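Here is model.cif, consisting of mmCIF, C-alpha atoms:
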data_input
loop_
_atom_site.label_atom_id
_atom_site.label_comp_id
_atom_site.auth_asym_id
_atom_site.auth_seq_id
_atom_site.Cartn_x
_atom_site.Cartn_y
_atom_site.Cartn_z
CA MET A 223 86.84 -14.07 26.46
CA GLY A 224 84.72 -11.96 28.76
CA ALA A 225 85.34 -14.16 31.80
CA LEU A 226 89.10 -14.27 31.22
CA ASP A 227 89.32 -10.51 30.88
CA TYR A 228 87.29 -10.10 34.06
CA LEU A 229 89.55 -12.47 36.02
CA SER A 230 92.76 -10.98 34.61
CA ASN A 231 91.84 -7.60 36.14
CA PHE A 232 92.21 -9.19 39.57
CA CYS A 233 95.60 -10.70 38.74
CA THR A 234 97.33 -7.61 37.37
CA VAL A 235 99.77 -5.86 39.63
CA THR A 236 99.70 -2.09 39.54
CA SER A 237 102.67 -0.20 40.80
CA THR A 238 101.95 2.38 43.47
CA ARG A 239 105.57 3.43 43.55
CA THR A 240 105.97 7.17 43.19
CA LYS A 241 108.43 8.82 40.87
CA ARG A 242 111.78 9.59 42.50
CA LYS A 243 112.57 13.23 43.08
CA PRO A 244 115.61 14.63 41.24
CA MET A 245 118.90 15.17 43.08
CA GLN A 246 119.12 18.80 44.09
CA THR A 247 120.79 21.19 46.48
CA VAL A 248 118.66 23.41 48.70
CA GLU A 249 120.19 26.44 50.41
CA ILE A 250 118.34 28.05 53.31
CA LYS A 251 119.08 31.13 55.39
CA VAL A 252 118.49 30.40 59.09
CA LYS A 253 119.28 32.64 62.05
CA MET A 254 121.54 30.56 64.33
CA ASP A 255 123.27 31.92 67.43
CA CYS A 256 124.75 28.95 69.26
CA ASP A 257 125.79 25.31 68.95
CA GLY A 258 122.37 24.19 70.16
CA CYS A 259 120.59 26.05 67.36
CA GLU A 260 122.97 24.59 64.81
CA ARG A 261 122.52 21.06 66.16
CA ARG A 262 118.71 21.36 66.29
CA VAL A 263 118.47 22.50 62.65
CA LYS A 264 120.97 19.90 61.44
CA ASN A 265 119.23 17.00 63.22
CA ALA A 266 115.80 18.06 61.96
CA VAL A 267 116.91 18.06 58.34
CA LYS A 268 119.29 15.09 58.58
CA ASN A 269 116.46 12.71 59.51
CA MET A 270 114.40 13.50 56.40
CA LYS A 271 113.95 10.82 53.77
CA GLY A 272 116.20 11.31 50.73
CA VAL A 273 118.77 13.62 52.36
CA ARG A 274 122.38 12.80 51.44
CA THR A 275 124.40 15.61 53.04
CA VAL A 276 123.72 18.52 55.38
CA GLU A 277 126.21 21.36 55.75
CA VAL A 278 125.70 24.14 58.29
CA ASN A 279 127.64 27.41 58.18
CA ARG A 280 126.71 29.31 61.33
CA LYS A 281 128.80 32.35 60.43
CA GLN A 282 126.82 32.95 57.22
CA HIS A 283 123.53 31.63 58.72
CA ARG A 284 123.37 29.13 55.88
CA VAL A 285 122.19 25.51 55.69
CA THR A 286 122.94 23.50 52.52
CA VAL A 287 121.01 20.25 52.02
CA SER A 288 121.77 17.87 49.13
CA GLY A 289 119.68 14.89 48.19
CA PHE A 290 116.45 13.67 46.66
CA VAL A 291 114.22 16.11 48.55
CA ASP A 292 111.50 18.67 47.96
CA PRO A 293 112.80 22.20 48.76
CA LYS A 294 109.49 23.30 50.30
CA LYS A 295 109.49 20.33 52.68
CA VAL A 296 113.05 21.09 53.77
CA LEU A 297 112.10 24.73 54.45
CA LYS A 298 109.03 23.63 56.42
CA ARG A 299 111.10 21.20 58.50
CA VAL A 300 113.60 23.96 59.36
CA LYS A 301 110.77 26.33 60.29
CA ASP A 302 109.28 23.63 62.55
CA THR A 303 112.37 23.94 64.77
CA GLY A 304 111.18 27.41 65.75
CA LYS A 305 113.75 29.27 63.71
CA ARG A 306 112.98 31.95 61.17
CA ALA A 307 114.05 30.62 57.77
CA GLU A 308 113.86 31.48 54.09
CA PHE A 309 115.44 30.25 50.88
CA TRP A 310 118.95 31.61 50.32
CA PRO A 311 118.33 35.06 48.78
CA TYR A 312 121.92 35.90 47.81
CA ILE A 313 124.15 35.32 44.78
CA PRO A 314 127.92 35.85 44.50
CA TYR A 315 129.02 39.43 43.97
CA ASN A 316 131.08 38.67 40.86
CA LEU A 317 128.08 37.23 38.95
CA VAL A 318 126.12 40.50 39.01
CA GLN A 319 126.65 43.40 36.62
CA TYR A 320 125.16 46.12 38.89
CA PRO A 321 125.78 45.08 42.51
CA TYR A 322 124.97 48.49 44.03
CA VAL A 323 121.39 48.78 42.77
CA SER A 324 119.18 49.89 45.67
CA GLN A 325 117.44 46.54 46.16
CA ALA A 326 120.53 44.39 45.49
CA TYR A 327 122.93 45.82 48.04
CA ASP A 328 122.24 44.43 51.49
CA LYS A 329 124.34 45.29 54.56
CA ARG A 330 123.35 42.03 56.24
CA ALA A 331 124.51 39.88 53.31
CA PRO A 332 127.63 37.78 53.89
CA SER A 333 130.80 39.16 52.39
CA GLY A 334 131.04 38.51 48.68
CA PHE A 335 127.25 38.21 48.22
CA VAL A 336 124.44 40.54 47.10
CA ARG A 337 120.69 40.03 47.10
CA ASN A 338 119.30 38.28 44.01
CA VAL A 339 117.01 40.84 42.33
CA ALA A 340 116.05 41.41 38.71
CA GLN A 341 117.52 44.94 38.62
CA ALA A 342 121.04 43.64 39.31
CA VAL A 343 121.06 41.75 35.96
CA PRO A 344 123.32 38.69 36.00
CA MET A 345 126.34 39.10 33.76
CA VAL A 346 126.03 37.38 30.41
CA PRO A 347 129.17 37.61 28.31
CA ASN A 348 128.62 39.42 25.03
CA ALA A 349 129.65 37.25 22.07
CA THR A 350 131.03 40.17 20.02
CA GLU A 351 133.25 41.38 22.86
CA GLU A 352 134.68 37.89 23.31
CA ARG A 353 135.42 37.61 19.60
CA ILE A 354 137.22 40.99 19.52
CA THR A 355 139.22 40.13 22.61
CA TYR A 356 140.25 36.82 21.09
CA LEU A 357 141.60 38.59 17.99
CA PHE A 358 144.40 40.15 20.02
CA SER A 359 145.03 37.23 22.32
CA ASP A 360 148.44 35.60 22.84
CA ASP A 361 146.75 32.23 22.41
CA ASN A 362 145.89 33.04 18.78
CA PRO A 363 149.12 32.78 16.70
CA ASN A 364 147.50 34.40 13.64
CA ALA A 365 146.14 37.37 15.55
CA CYS A 366 148.37 40.03 14.10
CA SER A 367 149.95 39.19 10.79
CA VAL A 368 150.60 42.84 9.80
CA MET A 369 153.64 43.11 12.07
#
Could you quickly redo this structure as structure tokens?
Amino acid sequence: MGALDYLSNFCTVTSTRTKRKPMQTVEIKVKMDCDGCERRVKNAVKNMKGVRTVEVNRKQHRVTVSGFVDPKKVLKRVKDTGKRAEFWPYIPYNLVQYPYVSQAYDKRAPSGFVRNVAQAVPMVPNATEERITYLFSDDNPNACSVM
């Protein structure tokens, strides 16, 4: 069977297809002043392979790209337009427990956003507080049987 094994190596088809990237949303902060800047950034990203949607918000200096893309490649493509760009560094104000920590508060942040830093500590609901609140809720008919 040595000859058949040797010949079968030439007949096998190996797949060189790469694994598909997962669907993800990439948010980038880009300084844009005019319609030309907005159009240049949008066209640069729109022509990438795997991009589904591109949303540009010039007021917030924000570009949102959704699709099967690599975030680093999207950032590099935006930087190649000559604009200064970085990944979106902000999170919504209502998701942070301490929004006025020195590193979190940023005057240049869009309204309703603060900088994403470890000192701000994202709010995680405490299970015991939820349970106590539920005891006296109007949704719980057996909440107060003493009355």
* To do: List the residues selected by the PyMOL selection byres ((chain A and resi 288) around 9) in the file shown, writing them as a ChimeraX atom specification.
  => /A:245-249,272-277,286-287,289-291
* I would like the residues chosen by the PyMOL selection byres ((chain A and resi 254) around 8) on the shown file; could you give them as a ChimeraX atom specification? => /A:252-253,255-256,259-260,280,283,305
Create the file for the chosen residues now, containing C-alpha atoms and written as a PDB file, in the frame of the given file.
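File written: result-v9.pdb
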ATOM      1  CA  VAL A 252     118.490  30.400  59.090  1.00  0.00           C
ATOM      2  CA  LYS A 253     119.280  32.640  62.050  1.00  0.00           C
ATOM      3  CA  ASP A 255     123.270  31.920  67.430  1.00  0.00           C
ATOM      4  CA  CYS A 256     124.750  28.950  69.260  1.00  0.00           C
ATOM      5  CA  CYS A 259     120.590  26.050  67.360  1.00  0.00           C
ATOM      6  CA  GLU A 260     122.970  24.590  64.810  1.00  0.00           C
ATOM      7  CA  ARG A 280     126.710  29.310  61.330  1.00  0.00           C
ATOM      8  CA  HIS A 283     123.530  31.630  58.720  1.00  0.00           C
ATOM      9  CA  LYS A 305     113.750  29.270  63.710  1.00  0.00           C
TER      10      LYS A 305
END
What would the selection look like, as an mmCIF file with C-alpha atoms, keeping the file's coordinate frame, if the PyMOL selection byres ((chain A and resi 333) around 12) were run on the coordinates I just shared?
data_model
loop_
_atom_site.group_PDB
_atom_site.id
_atom_site.type_symbol
_atom_site.label_atom_id
_atom_site.label_comp_id
_atom_site.auth_asym_id
_atom_site.auth_seq_id
_atom_site.Cartn_x
_atom_site.Cartn_y
_atom_site.Cartn_z
ATOM 1 C CA LYS A 281 128.800 32.350 60.430
ATOM 2 C CA GLN A 282 126.820 32.950 57.220
ATOM 3 C CA TYR A 312 121.920 35.900 47.810
ATOM 4 C CA ILE A 313 124.150 35.320 44.780
ATOM 5 C CA PRO A 314 127.920 35.850 44.500
ATOM 6 C CA TYR A 315 129.020 39.430 43.970
ATOM 7 C CA ASN A 316 131.080 38.670 40.860
ATOM 8 C CA TYR A 327 122.930 45.820 48.040
ATOM 9 C CA ASP A 328 122.240 44.430 51.490
ATOM 10 C CA LYS A 329 124.340 45.290 54.560
ATOM 11 C CA ARG A 330 123.350 42.030 56.240
ATOM 12 C CA ALA A 331 124.510 39.880 53.310
ATOM 13 C CA PRO A 332 127.630 37.780 53.890
ATOM 14 C CA GLY A 334 131.040 38.510 48.680
ATOM 15 C CA PHE A 335 127.250 38.210 48.220
ATOM 16 C CA VAL A 336 124.440 40.540 47.100
ATOM 17 C CA ARG A 337 120.690 40.030 47.100
#
* Asked: Any idea what the distance is between atom CA of Gln325 of chain A and atom CA of Lys295 of chain A?
  ->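 We find that atom CA of Gln325 of chain A and atom CA of Lys295 of chain A lie 28.2 Å from each other.
In this structure, atom CA of Leu297 of chain A sits 16.2 Å away from atom CA of Lys243 of chain A.
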* **Separation of atom CA of Arg284 of chain A from atom CA of Arg242 of chain A, in Å and rounded to one decimal** =>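 Between these atoms lies a distance of 26.4 Å.
Minimum distance to Pro293 of chain A across A:Val267, A:Leu317, A:Ala225, A:Ala326 (counting only C-alpha atoms) occurs at A:Val267.
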Edge lengths and centre, in Å to one decimal, as lines of an AutoDock Vina configuration file: that's what I need for the box along x, y and z that holds all listed atoms of segment 282-294 of chain A plus 6 Å on each side.
center_x = 118.2
center_y = 23.3
center_z = 52.7
size_x = 29.3
size_y = 31.3
size_z = 24.1
